[in-house]
Amino acid sequence: MRNHHGTHLAGRTAHKITLLLLVSALSLTCVSTAAAQKEKKKKTETPPSTDSSKMLVPLTDEQQIDYMLSEMLGAWQLGDIEKLHKDYAEDVAIVNGSWAPPILGWTNYLAVYQQQRARMQQVRMDRSNTYIKVSGTVGWACYQWDFEAVVDGQQTQSQGQTTVVLEKRNNRWVIVLNHTSLAPRPPQAAPASAPSGQQQPAKPS
């Protein structure tokens, strides 16, 4: 009788343990399935679009160009080639302030830019007095700039003006022509204390 009771008790305990294991296994399955569904949902959710046509208040073409110019100058200062390339057309023409032929095409411009950028540290470029005009899928903008950097170990400052021609391709404005010119620095006035006949030493440009 005692043996039968012990066997019965052992059977009930084994049954309870089996049931507990089964419930635990089901719980883990449900949790992992829920986690997998949550993870799948995360992956299928698309990130918010930066396309201005899908924004609640879309930017005008002039605002898009203004934003793109800021983005381009930021990328130029940081040396971010990927962002810079996004704002220039593959067939871009670059005219610089020196007496040199135009640079044609993004690949040729990139080689010149990287060569120049490697010589610079602590780069800062400020844009001001921007004028933007749009006519259909073509636009143009002109602005003044102030440049400051350490170039070849020397502190350098310069000012100039840039005119860009833009084209709207695949619903995005890109630069197809960039013409930059260096403005001559105004001559420094001689200090009042210096004798009128004494010539001031020329400052390096």
# chains A, B, ... in the order shown; residues from 1 in each chain; ligands from 1
call {"tool": "residues_around", "arguments": {"residues": "Trp140 in chain A", "least_positions_apart": "3", "cutoff": "7 Å", "atoms": "only C-alpha atoms", "output": "list in words"}}
result
Ile132, Lys133, Val134, Val164, Val165 and Leu166 of chain A
call {"tool": "residues_around", "arguments": {"residues": "range 145-148 of chain A", "least_positions_apart": "2", "cutoff": "7 Å", "atoms": "only C-alpha atoms", "output": "number ranges by chain"}}
result
A: 123-128, 143, 156-161
call {"tool": "atom_distance", "arguments": {"atom1": "CA of Met120 in chain A", "atom2": "CA of Ala93 in chain A"}}
result
23.3 Å
call {"tool": "atom_distance", "arguments": {"atom1": "CA of Gln64 in chain A", "atom2": "CA of Leu84 in chain A"}}
result
15.6 Å
call {"tool": "select_by_dssp", "arguments": {"residues": "range 52-181 of chain A", "states": "alpha helix (DSSP H)", "output": "ChimeraX atom specification"}}
result
/A:61-78,81-87,106-117
call {"tool": "write_last_selection", "arguments": {"atoms": "N, CA and C atoms", "output": "compact mmCIF listing (two decimals), in the first residue's frame"}}
result
# COMPACT_ATOMS: atom_id res chain seq x y z
N ASP A 61 11.80 75.67 -54.13
CA ASP A 61 13.05 75.39 -54.84
C ASP A 61 14.19 76.26 -54.33
N GLU A 62 13.88 77.53 -54.04
CA GLU A 62 14.91 78.43 -53.51
C GLU A 62 15.42 77.95 -52.15
N GLN A 63 14.50 77.47 -51.29
CA GLN A 63 14.90 76.96 -49.97
C GLN A 63 15.72 75.68 -50.10
N GLN A 64 15.33 74.82 -51.06
CA GLN A 64 16.10 73.58 -51.29
C GLN A 64 17.52 73.91 -51.73
N ILE A 65 17.66 74.90 -52.61
CA ILE A 65 19.00 75.29 -53.09
C ILE A 65 19.82 75.89 -51.95
N ASP A 66 19.18 76.74 -51.15
CA ASP A 66 19.88 77.36 -50.03
C ASP A 66 20.38 76.30 -49.05
N TYR A 67 19.53 75.32 -48.75
CA TYR A 67 19.91 74.22 -47.84
C TYR A 67 21.05 73.40 -48.45
N MET A 68 20.94 73.13 -49.76
CA MET A 68 21.98 72.33 -50.43
C MET A 68 23.32 73.04 -50.42
N LEU A 69 23.31 74.38 -50.60
CA LEU A 69 24.57 75.14 -50.56
C LEU A 69 25.23 75.04 -49.18
N SER A 70 24.41 75.13 -48.13
CA SER A 70 24.94 74.98 -46.77
C SER A 70 25.54 73.59 -46.56
N GLU A 71 24.82 72.58 -47.07
CA GLU A 71 25.28 71.19 -46.96
C GLU A 71 26.59 71.00 -47.72
N MET A 72 26.67 71.58 -48.92
CA MET A 72 27.86 71.45 -49.75
C MET A 72 29.07 72.11 -49.09
N LEU A 73 28.89 73.32 -48.56
CA LEU A 73 30.00 74.02 -47.92
C LEU A 73 30.44 73.31 -46.64
N GLY A 74 29.48 72.75 -45.91
CA GLY A 74 29.81 71.96 -44.71
C GLY A 74 30.65 70.75 -45.07
N ALA A 75 30.24 70.04 -46.14
CA ALA A 75 30.99 68.86 -46.59
C ALA A 75 32.37 69.26 -47.09
N TRP A 76 32.47 70.41 -47.78
CA TRP A 76 33.75 70.90 -48.30
C TRP A 76 34.72 71.18 -47.15
N GLN A 77 34.21 71.79 -46.08
CA GLN A 77 35.07 72.11 -44.93
C GLN A 77 35.55 70.86 -44.21
N LEU A 78 34.64 69.87 -44.07
CA LEU A 78 34.96 68.65 -43.31
C LEU A 78 35.74 67.63 -44.13
N ILE A 81 33.67 63.58 -48.71
CA ILE A 81 33.56 63.42 -50.17
C ILE A 81 32.20 62.89 -50.58
N GLU A 82 31.65 61.96 -49.80
CA GLU A 82 30.36 61.36 -50.15
C GLU A 82 29.25 62.42 -50.20
N LYS A 83 29.20 63.27 -49.18
CA LYS A 83 28.19 64.34 -49.16
C LYS A 83 28.45 65.37 -50.24
N LEU A 84 29.71 65.68 -50.47
CA LEU A 84 30.08 66.65 -51.49
C LEU A 84 29.66 66.16 -52.87
N HIS A 85 29.89 64.88 -53.14
CA HIS A 85 29.54 64.30 -54.44
C HIS A 85 28.04 64.36 -54.69
N LYS A 86 27.27 64.24 -53.62
CA LYS A 86 25.80 64.25 -53.73
C LYS A 86 25.30 65.59 -54.29
N ASP A 87 26.06 66.66 -54.06
CA ASP A 87 25.63 67.99 -54.46
C ASP A 87 26.21 68.46 -55.80
N TRP A 106 33.25 65.46 -62.31
CA TRP A 106 33.42 65.25 -60.87
C TRP A 106 34.73 64.57 -60.53
N THR A 107 35.12 63.55 -61.30
CA THR A 107 36.34 62.80 -61.00
C THR A 107 37.57 63.70 -61.04
N ASN A 108 37.66 64.57 -62.04
CA ASN A 108 38.79 65.49 -62.14
C ASN A 108 38.78 66.51 -61.01
N TYR A 109 37.58 66.99 -60.67
CA TYR A 109 37.46 67.96 -59.57
C TYR A 109 37.87 67.31 -58.25
N LEU A 110 37.44 66.07 -58.03
CA LEU A 110 37.74 65.36 -56.79
C LEU A 110 39.26 65.25 -56.57
N ALA A 111 39.99 64.95 -57.63
CA ALA A 111 41.46 64.80 -57.51
C ALA A 111 42.09 66.13 -57.07
N VAL A 112 41.63 67.24 -57.66
CA VAL A 112 42.17 68.57 -57.30
C VAL A 112 41.77 68.93 -55.88
N TYR A 113 40.50 68.68 -55.54
CA TYR A 113 40.00 69.00 -54.19
C TYR A 113 40.79 68.25 -53.11
N GLN A 114 40.98 66.95 -53.31
CA GLN A 114 41.69 66.15 -52.30
C GLN A 114 43.14 66.61 -52.14
N GLN A 115 43.75 67.01 -53.24
CA GLN A 115 45.13 67.52 -53.20
C GLN A 115 45.20 68.81 -52.38
N GLN A 116 44.22 69.71 -52.60
CA GLN A 116 44.18 70.96 -51.85
C GLN A 116 43.82 70.74 -50.39
N ARG A 117 42.82 69.89 -50.16
CA ARG A 117 42.30 69.68 -48.80
C ARG A 117 43.35 69.05 -47.88
call {"tool": "atom_distance", "arguments": {"atom1": "CA of Thr162 in chain A", "atom2": "CA of Asp80 in chain A"}}
result
20.1 Å
call {"tool": "residues_around", "arguments": {"residues": "Asn96 in chain A", "least_positions_apart": "2", "cutoff": "8 Å", "atoms": "only C-alpha atoms", "output": "list in words"}}
result
Ile94, Ser98, Trp99, Ala100, Pro102, His179, Thr180 and Ser181 of chain A
call {"tool": "closest_residue", "arguments": {"among": "A:Leu59, A:Val92, A:Leu177, A:Ala118", "to": "Cys142 in chain A", "atoms": "only C-alpha atoms"}}
result
A:Leu177
call {"tool": "closest_residue", "arguments": {"among": "A:Val150, A:Val95, A:Val138, A:Ala89", "to": "Ile175 in chain A", "atoms": "only C-alpha atoms"}}
result
A:Ala89
